[in-house]
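Colleague: Structure: data.cif, mmCIF, N, CA and C atoms, pLDDT in the B column; chains and numbers go by the auth columns.
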data_start
loop_
_atom_site.group_PDB
_atom_site.id
_atom_site.type_symbol
_atom_site.label_atom_id
_atom_site.label_comp_id
_atom_site.label_asym_id
_atom_site.label_seq_id
_atom_site.Cartn_x
_atom_site.Cartn_y
_atom_site.Cartn_z
_atom_site.B_iso_or_equiv
_atom_site.auth_seq_id
_atom_site.auth_asym_id
ATOM 1 N N MET A 1 -104.078 -134.774 204.250 83.00 1 U
ATOM 2 C CA MET A 1 -103.057 -135.776 204.054 83.00 1 U
ATOM 3 C C MET A 1 -103.371 -137.036 204.851 83.00 1 U
ATOM 4 N N GLU A 2 -103.961 -136.852 206.031 85.00 2 U
ATOM 5 C CA GLU A 2 -104.292 -138.023 206.837 85.00 2 U
ATOM 6 C C GLU A 2 -105.306 -138.913 206.126 85.00 2 U
ATOM 7 N N LEU A 3 -106.278 -138.301 205.462 86.00 3 U
ATOM 8 C CA LEU A 3 -107.260 -139.083 204.712 86.00 3 U
ATOM 9 C C LEU A 3 -106.595 -139.824 203.557 86.00 3 U
ATOM 10 N N LEU A 4 -105.700 -139.157 202.847 87.00 4 U
ATOM 11 C CA LEU A 4 -104.976 -139.821 201.761 87.00 4 U
ATOM 12 C C LEU A 4 -104.176 -140.996 202.301 87.00 4 U
ATOM 13 N N LEU A 5 -103.484 -140.809 203.408 85.00 5 U
ATOM 14 C CA LEU A 5 -102.691 -141.897 203.984 85.00 5 U
ATOM 15 C C LEU A 5 -103.578 -143.066 204.375 85.00 5 U
ATOM 16 N N ARG A 6 -104.734 -142.775 204.980 87.00 6 U
ATOM 17 C CA ARG A 6 -105.656 -143.868 205.342 87.00 6 U
ATOM 18 C C ARG A 6 -106.113 -144.620 204.099 87.00 6 U
ATOM 19 N N ARG A 7 -106.384 -143.884 203.026 87.00 7 U
ATOM 20 C CA ARG A 7 -106.824 -144.524 201.779 87.00 7 U
ATOM 21 C C ARG A 7 -105.706 -145.327 201.128 87.00 7 U
ATOM 22 N N LEU A 8 -104.478 -144.825 201.219 84.00 8 U
ATOM 23 C CA LEU A 8 -103.341 -145.553 200.646 84.00 8 U
ATOM 24 C C LEU A 8 -103.048 -146.818 201.433 84.00 8 U
ATOM 25 N N GLY A 9 -103.245 -146.758 202.740 79.00 9 U
ATOM 26 C CA GLY A 9 -102.882 -147.879 203.598 79.00 9 U
ATOM 27 C C GLY A 9 -101.391 -147.834 203.894 79.00 9 U
ATOM 28 N N ALA A 10 -100.942 -148.748 204.715 61.00 10 U
ATOM 29 C CA ALA A 10 -99.535 -148.767 205.104 61.00 10 U
ATOM 30 C C ALA A 10 -98.639 -149.247 203.967 61.00 10 U
ATOM 31 N N GLN A 11 -99.196 -150.079 203.081 64.00 11 U
ATOM 32 C CA GLN A 11 -98.394 -150.590 201.983 64.00 11 U
ATOM 33 C C GLN A 11 -99.293 -150.941 200.810 64.00 11 U
ATOM 34 N N ALA A 12 -98.827 -150.605 199.618 67.00 12 U
ATOM 35 C CA ALA A 12 -99.540 -150.936 198.389 67.00 12 U
ATOM 36 C C ALA A 12 -98.518 -151.209 197.298 67.00 12 U
ATOM 37 N N ASP A 13 -98.692 -152.289 196.586 68.00 13 U
ATOM 38 C CA ASP A 13 -97.781 -152.630 195.488 68.00 13 U
ATOM 39 C C ASP A 13 -96.317 -152.529 195.906 68.00 13 U
ATOM 40 N N GLU A 14 -95.973 -153.063 197.073 76.00 14 U
ATOM 41 C CA GLU A 14 -94.616 -153.081 197.610 76.00 14 U
ATOM 42 C C GLU A 14 -94.077 -151.698 197.952 76.00 14 U
ATOM 43 N N ILE A 15 -94.924 -150.690 197.989 82.00 15 U
ATOM 44 C CA ILE A 15 -94.517 -149.346 198.386 82.00 15 U
ATOM 45 C C ILE A 15 -95.095 -149.092 199.770 82.00 15 U
ATOM 46 N N SER A 16 -94.236 -148.698 200.708 83.00 16 U
ATOM 47 C CA SER A 16 -94.669 -148.419 202.076 83.00 16 U
ATOM 48 C C SER A 16 -94.900 -146.924 202.239 83.00 16 U
ATOM 49 N N PHE A 17 -95.966 -146.576 202.958 84.00 17 U
ATOM 50 C CA PHE A 17 -96.312 -145.183 203.198 84.00 17 U
ATOM 51 C C PHE A 17 -96.308 -144.909 204.692 84.00 17 U
ATOM 52 N N ALA A 18 -95.843 -143.717 205.070 85.00 18 U
ATOM 53 C CA ALA A 18 -95.840 -143.316 206.474 85.00 18 U
ATOM 54 C C ALA A 18 -96.032 -141.808 206.545 85.00 18 U
ATOM 55 N N MET A 19 -96.668 -141.368 207.619 86.00 19 U
ATOM 56 C CA MET A 19 -96.889 -139.940 207.812 86.00 19 U
ATOM 57 C C MET A 19 -95.648 -139.323 208.411 86.00 19 U
ATOM 58 N N GLY A 20 -95.150 -138.304 207.769 83.00 20 U
ATOM 59 C CA GLY A 20 -94.033 -137.531 208.302 83.00 20 U
ATOM 60 C C GLY A 20 -94.585 -136.320 209.038 83.00 20 U
ATOM 61 N N ARG A 21 -93.746 -135.360 209.253 82.00 21 U
ATOM 62 C CA ARG A 21 -94.183 -134.157 209.966 82.00 21 U
ATOM 63 C C ARG A 21 -95.160 -133.341 209.121 82.00 21 U
ATOM 64 N N ASP A 22 -94.783 -133.069 207.887 83.00 22 U
ATOM 65 C CA ASP A 22 -95.626 -132.284 206.975 83.00 22 U
ATOM 66 C C ASP A 22 -95.850 -132.985 205.649 83.00 22 U
ATOM 67 N N GLU A 23 -95.586 -134.281 205.616 85.00 23 U
ATOM 68 C CA GLU A 23 -95.680 -134.994 204.347 85.00 23 U
ATOM 69 C C GLU A 23 -95.926 -136.480 204.582 85.00 23 U
ATOM 70 N N ILE A 24 -96.329 -137.136 203.519 85.00 24 U
ATOM 71 C CA ILE A 24 -96.404 -138.596 203.507 85.00 24 U
ATOM 72 C C ILE A 24 -95.154 -139.073 202.792 85.00 24 U
ATOM 73 N N THR A 25 -94.433 -139.980 203.424 84.00 25 U
ATOM 74 C CA THR A 25 -93.250 -140.526 202.772 84.00 25 U
ATOM 75 C C THR A 25 -93.596 -141.880 202.160 84.00 25 U
ATOM 76 N N ALA A 26 -93.014 -142.131 201.017 83.00 26 U
ATOM 77 C CA ALA A 26 -93.211 -143.401 200.324 83.00 26 U
ATOM 78 C C ALA A 26 -91.850 -144.047 200.146 83.00 26 U
ATOM 79 N N THR A 27 -91.771 -145.324 200.455 81.00 27 U
ATOM 80 C CA THR A 27 -90.527 -146.058 200.339 81.00 27 U
ATOM 81 C C THR A 27 -90.773 -147.301 199.507 81.00 27 U
ATOM 82 N N SER A 28 -89.930 -147.493 198.515 77.00 28 U
ATOM 83 C CA SER A 28 -90.040 -148.703 197.701 77.00 28 U
ATOM 84 C C SER A 28 -88.788 -149.536 197.922 77.00 28 U
ATOM 85 N N PRO A 29 -88.896 -150.841 197.704 73.00 29 U
ATOM 86 C CA PRO A 29 -87.725 -151.695 197.918 73.00 29 U
ATOM 87 C C PRO A 29 -86.620 -151.357 196.927 73.00 29 U
ATOM 88 N N GLU A 30 -85.398 -151.575 197.338 68.00 30 U
ATOM 89 C CA GLU A 30 -84.263 -151.355 196.445 68.00 30 U
ATOM 90 C C GLU A 30 -84.366 -152.304 195.259 68.00 30 U
ATOM 91 N N SER A 31 -84.245 -151.747 194.080 61.00 31 U
ATOM 92 C CA SER A 31 -84.267 -152.556 192.870 61.00 31 U
ATOM 93 C C SER A 31 -82.854 -152.966 192.517 61.00 31 U
ATOM 94 N N PRO A 32 -82.664 -154.220 192.138 64.00 32 U
ATOM 95 C CA PRO A 32 -81.322 -154.622 191.727 64.00 32 U
ATOM 96 C C PRO A 32 -80.948 -153.951 190.409 64.00 32 U
ATOM 97 N N GLY A 33 -79.699 -153.769 190.211 66.00 33 U
ATOM 98 C CA GLY A 33 -79.245 -153.179 188.956 66.00 33 U
ATOM 99 C C GLY A 33 -78.033 -152.304 189.183 66.00 33 U
ATOM 100 N N ASP A 34 -77.489 -151.849 188.107 71.00 34 U
ATOM 101 C CA ASP A 34 -76.287 -151.020 188.211 71.00 34 U
ATOM 102 C C ASP A 34 -76.643 -149.541 188.128 71.00 34 U
ATOM 103 N N SER A 35 -75.650 -148.700 188.290 74.00 35 U
ATOM 104 C CA SER A 35 -75.886 -147.264 188.331 74.00 35 U
ATOM 105 C C SER A 35 -76.356 -146.702 187.000 74.00 35 U
ATOM 106 N N THR A 36 -76.073 -147.383 185.904 76.00 36 U
ATOM 107 C CA THR A 36 -76.503 -146.871 184.599 76.00 36 U
ATOM 108 C C THR A 36 -78.012 -146.977 184.408 76.00 36 U
ATOM 109 N N THR A 37 -78.647 -147.898 185.097 81.00 37 U
ATOM 110 C CA THR A 37 -80.102 -148.051 184.977 81.00 37 U
ATOM 111 C C THR A 37 -80.834 -147.412 186.159 81.00 37 U
ATOM 112 N N ARG A 38 -80.096 -146.852 187.096 79.00 38 U
ATOM 113 C CA ARG A 38 -80.696 -146.282 188.298 79.00 38 U
ATOM 114 C C ARG A 38 -81.705 -145.185 187.972 79.00 38 U
ATOM 115 N N GLU A 39 -81.366 -144.273 187.098 81.00 39 U
ATOM 116 C CA GLU A 39 -82.264 -143.163 186.766 81.00 39 U
ATOM 117 C C GLU A 39 -83.592 -143.678 186.220 81.00 39 U
ATOM 118 N N ILE A 40 -83.541 -144.704 185.405 84.00 40 U
ATOM 119 C CA ILE A 40 -84.763 -145.296 184.849 84.00 40 U
ATOM 120 C C ILE A 40 -85.582 -145.933 185.966 84.00 40 U
ATOM 121 N N ARG A 41 -84.925 -146.666 186.857 82.00 41 U
ATOM 122 C CA ARG A 41 -85.642 -147.309 187.971 82.00 41 U
ATOM 123 C C ARG A 41 -86.308 -146.277 188.871 82.00 41 U
ATOM 124 N N VAL A 42 -85.594 -145.191 189.159 81.00 42 U
ATOM 125 C CA VAL A 42 -86.148 -144.136 190.010 81.00 42 U
ATOM 126 C C VAL A 42 -87.394 -143.543 189.355 81.00 42 U
ATOM 127 N N GLU A 43 -87.333 -143.284 188.073 85.00 43 U
ATOM 128 C CA GLU A 43 -88.489 -142.712 187.371 85.00 43 U
ATOM 129 C C GLU A 43 -89.673 -143.683 187.381 85.00 43 U
ATOM 130 N N VAL A 44 -89.424 -144.958 187.185 85.00 44 U
ATOM 131 C CA VAL A 44 -90.495 -145.965 187.208 85.00 44 U
ATOM 132 C C VAL A 44 -91.131 -146.023 188.596 85.00 44 U
ATOM 133 N N GLU A 45 -90.304 -145.997 189.637 85.00 45 U
ATOM 134 C CA GLU A 45 -90.829 -146.038 191.001 85.00 45 U
ATOM 135 C C GLU A 45 -91.619 -144.766 191.319 85.00 45 U
ATOM 136 N N ARG A 46 -91.117 -143.613 190.900 85.00 46 U
ATOM 137 C CA ARG A 46 -91.819 -142.352 191.127 85.00 46 U
ATOM 138 C C ARG A 46 -93.169 -142.371 190.431 85.00 46 U
ATOM 139 N N GLN A 47 -93.204 -142.862 189.202 88.00 47 U
ATOM 140 C CA GLN A 47 -94.463 -142.921 188.457 88.00 47 U
ATOM 141 C C GLN A 47 -95.446 -143.886 189.110 88.00 47 U
ATOM 142 N N ALA A 48 -94.949 -144.981 189.671 86.00 48 U
ATOM 143 C CA ALA A 48 -95.823 -145.930 190.372 86.00 48 U
ATOM 144 C C ALA A 48 -96.484 -145.265 191.578 86.00 48 U
ATOM 145 N N ILE A 49 -95.735 -144.430 192.293 86.00 49 U
ATOM 146 C CA ILE A 49 -96.287 -143.719 193.448 86.00 49 U
ATOM 147 C C ILE A 49 -97.345 -142.720 192.989 86.00 49 U
ATOM 148 N N VAL A 50 -97.046 -141.964 191.947 87.00 50 U
ATOM 149 C CA VAL A 50 -98.010 -140.998 191.410 87.00 50 U
ATOM 150 C C VAL A 50 -99.276 -141.717 190.957 87.00 50 U
ATOM 151 N N ASP A 51 -99.125 -142.844 190.285 90.00 51 U
ATOM 152 C CA ASP A 51 -100.282 -143.609 189.820 90.00 51 U
ATOM 153 C C ASP A 51 -101.133 -144.109 190.990 90.00 51 U
ATOM 154 N N LEU A 52 -100.480 -144.563 192.065 88.00 52 U
ATOM 155 C CA LEU A 52 -101.234 -145.009 193.242 88.00 52 U
ATOM 156 C C LEU A 52 -102.034 -143.860 193.843 88.00 52 U
ATOM 157 N N ILE A 53 -101.412 -142.692 193.951 87.00 53 U
ATOM 158 C CA ILE A 53 -102.112 -141.529 194.501 87.00 53 U
ATOM 159 C C ILE A 53 -103.299 -141.159 193.621 87.00 53 U
ATOM 160 N N ARG A 54 -103.097 -141.132 192.323 89.00 54 U
ATOM 161 C CA ARG A 54 -104.206 -140.808 191.405 89.00 54 U
ATOM 162 C C ARG A 54 -105.341 -141.819 191.533 89.00 54 U
ATOM 163 N N ASP A 55 -104.985 -143.097 191.592 90.00 55 U
ATOM 164 C CA ASP A 55 -105.991 -144.148 191.693 90.00 55 U
ATOM 165 C C ASP A 55 -106.806 -144.003 192.976 90.00 55 U
ATOM 166 N N VAL A 56 -106.125 -143.781 194.086 89.00 56 U
ATOM 167 C CA VAL A 56 -106.819 -143.613 195.364 89.00 56 U
ATOM 168 C C VAL A 56 -107.739 -142.397 195.309 89.00 56 U
ATOM 169 N N CYS A 57 -107.247 -141.295 194.758 89.00 57 U
ATOM 170 C CA CYS A 57 -108.053 -140.080 194.695 89.00 57 U
ATOM 171 C C CYS A 57 -109.254 -140.234 193.760 89.00 57 U
ATOM 172 N N GLU A 58 -109.104 -140.975 192.693 90.00 58 U
ATOM 173 C CA GLU A 58 -110.236 -141.203 191.782 90.00 58 U
ATOM 174 C C GLU A 58 -111.339 -142.003 192.455 90.00 58 U
ATOM 175 N N ARG A 59 -110.964 -142.892 193.380 89.00 59 U
ATOM 176 C CA ARG A 59 -111.949 -143.716 194.075 89.00 59 U
ATOM 177 C C ARG A 59 -112.521 -143.038 195.315 89.00 59 U
ATOM 178 N N ALA A 60 -111.950 -141.894 195.709 87.00 60 U
ATOM 179 C CA ALA A 60 -112.414 -141.182 196.903 87.00 60 U
ATOM 180 C C ALA A 60 -112.874 -139.787 196.483 87.00 60 U
ATOM 181 N N PRO A 61 -114.176 -139.555 196.416 88.00 61 U
ATOM 182 C CA PRO A 61 -114.676 -138.261 195.929 88.00 61 U
ATOM 183 C C PRO A 61 -114.226 -137.069 196.778 88.00 61 U
ATOM 184 N N GLU A 62 -113.829 -137.323 198.020 91.00 62 U
ATOM 185 C CA GLU A 62 -113.396 -136.222 198.875 91.00 62 U
ATOM 186 C C GLU A 62 -111.918 -135.856 198.687 91.00 62 U
ATOM 187 N N LEU A 63 -111.223 -136.546 197.786 88.00 63 U
ATOM 188 C CA LEU A 63 -109.809 -136.268 197.505 88.00 63 U
ATOM 189 C C LEU A 63 -109.610 -135.909 196.038 88.00 63 U
ATOM 190 N N GLU A 64 -108.670 -135.042 195.785 87.00 64 U
ATOM 191 C CA GLU A 64 -108.283 -134.677 194.419 87.00 64 U
ATOM 192 C C GLU A 64 -106.772 -134.861 194.305 87.00 64 U
ATOM 193 N N SER A 65 -106.325 -135.557 193.288 82.00 65 U
ATOM 194 C CA SER A 65 -104.890 -135.830 193.165 82.00 65 U
ATOM 195 C C SER A 65 -104.070 -134.566 192.960 82.00 65 U
ATOM 196 N N ASP A 66 -104.661 -133.523 192.399 81.00 66 U
ATOM 197 C CA ASP A 66 -103.883 -132.304 192.175 81.00 66 U
ATOM 198 C C ASP A 66 -103.702 -131.477 193.453 81.00 66 U
ATOM 199 N N TRP A 67 -104.224 -131.954 194.570 80.00 67 U
ATOM 200 C CA TRP A 67 -103.975 -131.298 195.856 80.00 67 U
ATOM 201 C C TRP A 67 -102.602 -131.645 196.418 80.00 67 U
ATOM 202 N N PHE A 68 -101.985 -132.700 195.881 77.00 68 U
ATOM 203 C CA PHE A 68 -100.776 -133.254 196.492 77.00 68 U
ATOM 204 C C PHE A 68 -99.580 -133.112 195.555 77.00 68 U
ATOM 205 N N ALA A 69 -98.452 -132.735 196.132 70.00 69 U
ATOM 206 C CA ALA A 69 -97.197 -132.657 195.386 70.00 69 U
ATOM 207 C C ALA A 69 -96.399 -133.924 195.674 70.00 69 U
ATOM 208 N N VAL A 70 -95.690 -134.403 194.684 68.00 70 U
ATOM 209 C CA VAL A 70 -94.869 -135.595 194.834 68.00 70 U
ATOM 210 C C VAL A 70 -93.442 -135.227 194.478 68.00 70 U
ATOM 211 N N SER A 71 -92.543 -135.542 195.381 66.00 71 U
ATOM 212 C CA SER A 71 -91.129 -135.311 195.077 66.00 71 U
ATOM 213 C C SER A 71 -90.345 -136.563 195.440 66.00 71 U
ATOM 214 N N TYR A 72 -89.197 -136.690 194.849 58.00 72 U
ATOM 215 C CA TYR A 72 -88.334 -137.843 195.108 58.00 72 U
ATOM 216 C C TYR A 72 -87.067 -137.338 195.759 58.00 72 U
ATOM 217 N N LEU A 73 -86.773 -137.848 196.922 57.00 73 U
ATOM 218 C CA LEU A 73 -85.551 -137.496 197.623 57.00 73 U
ATOM 219 C C LEU A 73 -84.582 -138.658 197.519 57.00 73 U
ATOM 220 N N ASP A 74 -83.396 -138.375 197.089 52.00 74 U
ATOM 221 C CA ASP A 74 -82.394 -139.422 196.927 52.00 74 U
ATOM 222 C C ASP A 74 -81.438 -139.404 198.075 52.00 74 U
#
Would you give me this structure, written as structure tokens?
Modeller:
Amino acid sequence: MELLLRRLGAQADEISFAMGRDEITATSPESPGDSTTREIRVEVERQAIVDLIRDVCERAPELESDWFAVSYLD
């Protein structure tokens, strides 16, 4: 996970990454909008994080994206 975090950097595409106790946390800025569009925004943000992880892993032969689980905590 430490190697993945180093490859991700502290921030990418307005998403901030930090090492937690047993996980990497990702934080994205609050998107404006109402509660009816919230679910869509959350899914878009989650997919952006997954895409960043995949991209980093594709460029780093020592990492595989399927080694990492991604969850969204609300």
Colleague: Do a neighbour search on Phe17 in chain U at 8 Å with all atoms listed in the file, toss out local chain neighbours closer than 6 positions, and write the hits as an MDAnalysis selection string.
Modeller: chainID U and resid 5 8:11 24:28
Colleague: Select from chain U everything DSSP, run on the backbone, classes as strand (DSSP E or B), then give the selection as a compact mmCIF listing (two decimals) with N, CA and C atoms, in the coordinates of the input.
Modeller:
# COMPACT_ATOMS: atom_id res chain seq x y z
N GLN U 11 -99.20 -150.08 203.08
CA GLN U 11 -98.39 -150.59 201.98
C GLN U 11 -99.29 -150.94 200.81
N ALA U 12 -98.83 -150.60 199.62
CA ALA U 12 -99.54 -150.94 198.39
C ALA U 12 -98.52 -151.21 197.30
N ILE U 15 -94.92 -150.69 197.99
CA ILE U 15 -94.52 -149.35 198.39
C ILE U 15 -95.10 -149.09 199.77
N SER U 16 -94.24 -148.70 200.71
CA SER U 16 -94.67 -148.42 202.08
C SER U 16 -94.90 -146.92 202.24
N PHE U 17 -95.97 -146.58 202.96
CA PHE U 17 -96.31 -145.18 203.20
C PHE U 17 -96.31 -144.91 204.69
N ALA U 18 -95.84 -143.72 205.07
CA ALA U 18 -95.84 -143.32 206.47
C ALA U 18 -96.03 -141.81 206.54
N MET U 19 -96.67 -141.37 207.62
CA MET U 19 -96.89 -139.94 207.81
C MET U 19 -95.65 -139.32 208.41
N ILE U 24 -96.33 -137.14 203.52
CA ILE U 24 -96.40 -138.60 203.51
C ILE U 24 -95.15 -139.07 202.79
N THR U 25 -94.43 -139.98 203.42
CA THR U 25 -93.25 -140.53 202.77
C THR U 25 -93.60 -141.88 202.16
N ALA U 26 -93.01 -142.13 201.02
CA ALA U 26 -93.21 -143.40 200.32
C ALA U 26 -91.85 -144.05 200.15
N THR U 27 -91.77 -145.32 200.46
CA THR U 27 -90.53 -146.06 200.34
C THR U 27 -90.77 -147.30 199.51
Colleague: I'd like the contact shell of Pro61 in chain U - 12 Å cut-off, only C-alpha atoms, skipping same-chain residues fewer than 6 positions apart - returned as a short mmCIF file (atom, residue, chain, number, x, y, z; two decimals) with N, CA and C atoms, in the coordinates of the input.
Modeller:
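Result went into result.cif, see below:
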data_model
loop_
_atom_site.label_atom_id
_atom_site.label_comp_id
_atom_site.auth_asym_id
_atom_site.auth_seq_id
_atom_site.Cartn_x
_atom_site.Cartn_y
_atom_site.Cartn_z
N LEU U 3 -106.28 -138.30 205.46
CA LEU U 3 -107.26 -139.08 204.71
C LEU U 3 -106.60 -139.82 203.56
N LEU U 4 -105.70 -139.16 202.85
CA LEU U 4 -104.98 -139.82 201.76
C LEU U 4 -104.18 -141.00 202.30
N ARG U 7 -106.38 -143.88 203.03
CA ARG U 7 -106.82 -144.52 201.78
C ARG U 7 -105.71 -145.33 201.13
N ARG U 54 -103.10 -141.13 192.32
CA ARG U 54 -104.21 -140.81 191.40
C ARG U 54 -105.34 -141.82 191.53
N ASP U 55 -104.98 -143.10 191.59
CA ASP U 55 -105.99 -144.15 191.69
C ASP U 55 -106.81 -144.00 192.98
#
Colleague: I'd like the interatomic distance between atom N of Val50 in chain U and CA of Met19 in chain U, to a tenth of an Å.
Modeller: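 Result for atom N of Val50 in chain U versus CA of Met19 in chain U: 16.0 Å, one decimal.
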Colleague: Expressed in Å to a single decimal, how great is the separation between CA of Glu14 in chain U and CA of Glu58 in chain U?
Modeller: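 Straight-line distance from CA of Glu14 in chain U to CA of Glu58 in chain U works out to 20.5 Å.
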